[in-house]
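Have a look at the structure below before the remarks.
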Amino acid sequence: MGNYVSLYLTNPKGTPLPLTEPSFDPNLGFPNGRKERVMIATAEEMEAAKLPLEARDYCAHKLIQYRACRTNVWPWAYKCAHEKHEYLNCEYDDYILRLKEYEREKRLLQRKLKIEKKQAQELQA
């Protein structure tokens with residue numbers, strides 16, 4: 001609820017819209033650049049595995065491995081605990097990374113507004 005309140009009530013100009021692309025340069029503040037995220041599973045592999053659209057993310061390759069393991073050892077699906085653990089950890093790490101990107105965007109947007117406000121005050125003085 002915190003993002004909803006800040007987006008619509010307390011700080012609408014300083015809160016980025018969810019589900020939008022970043023408005024700042026991804027390498028801003030990184031002098032040596034950043035490692036680009038790469039999809040390991042191809043579109044053909046995901047289609048062949050019949051993954052739903054919402055599961056086609058950066059962890060799709062782990063999900064494909066987990067589903068293949070379950071198919072191979074069924075009805076003893078507990079033997080795939082390692083693959084399941086890897087997939088869930090990947091999903092968690094992806095969530096944390098997306099959360100950090102959102103917070104970075106929010107801080108950069110607030111910084112931009114603060115700089116614009118300071119420049120406007122200097123022009124008036």
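Every chain in the structure tokens has a letter given in the order shown (A, B, ...), and although residue numbers restart at 1 in each chain, ligands are simply numbered from 1 in the order shown.
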
Write down as a PyMOL selection string the residues of chain A whose backbone DSSP state falls under alpha helix (DSSP H). chain A and resi 2-5+43-48+60-73+81-124

Residue nearest A:Phe24 - candidates A:Ala120, A:Leu109, A:Ala125, A:Ala49, atoms counted: only C-alpha atoms: A:Leu109

Within 12 Å of A:Leu113, counting only C-alpha atoms, which residues qualify if same-chain residues fewer than 6 places away don't, as a ChimeraX atom specification? /A:11-15,106-107,119-120

I'd like the interatomic distance between atom CA of A:Ser23 and atom CA of A:Cys90, to a tenth of an Å.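 Computed distance, atom CA of A:Ser23 to atom CA of A:Cys90, equals 26.0 Å.
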
Gap from atom CA of A:Ile40 to atom CA of A:Ile64 - Å, one decimal: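 Between atom CA of A:Ile40 and atom CA of A:Ile64 the gap is 11.1 Å.
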
Just checking: using only C-alpha atoms, which residue out of A:Gln124, A:Pro26, A:Val38, A:Ala68 ends up closest to A:Lys50?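 Smallest separation from A:Lys50 among the options: A:Ala68.
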
Name the residues in contact with A:Arg98 at a cut-off of 12 Å, using only C-alpha atoms, excluding same-chain residues fewer than 5 positions from it; report them as a PyMOL selection string. chain A and resi 18-22+37+57-58+91-93+103-105

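Atom pair atom CA of A:Leu63 / atom CA of A:Tyr87: separated by 5.9 Å.
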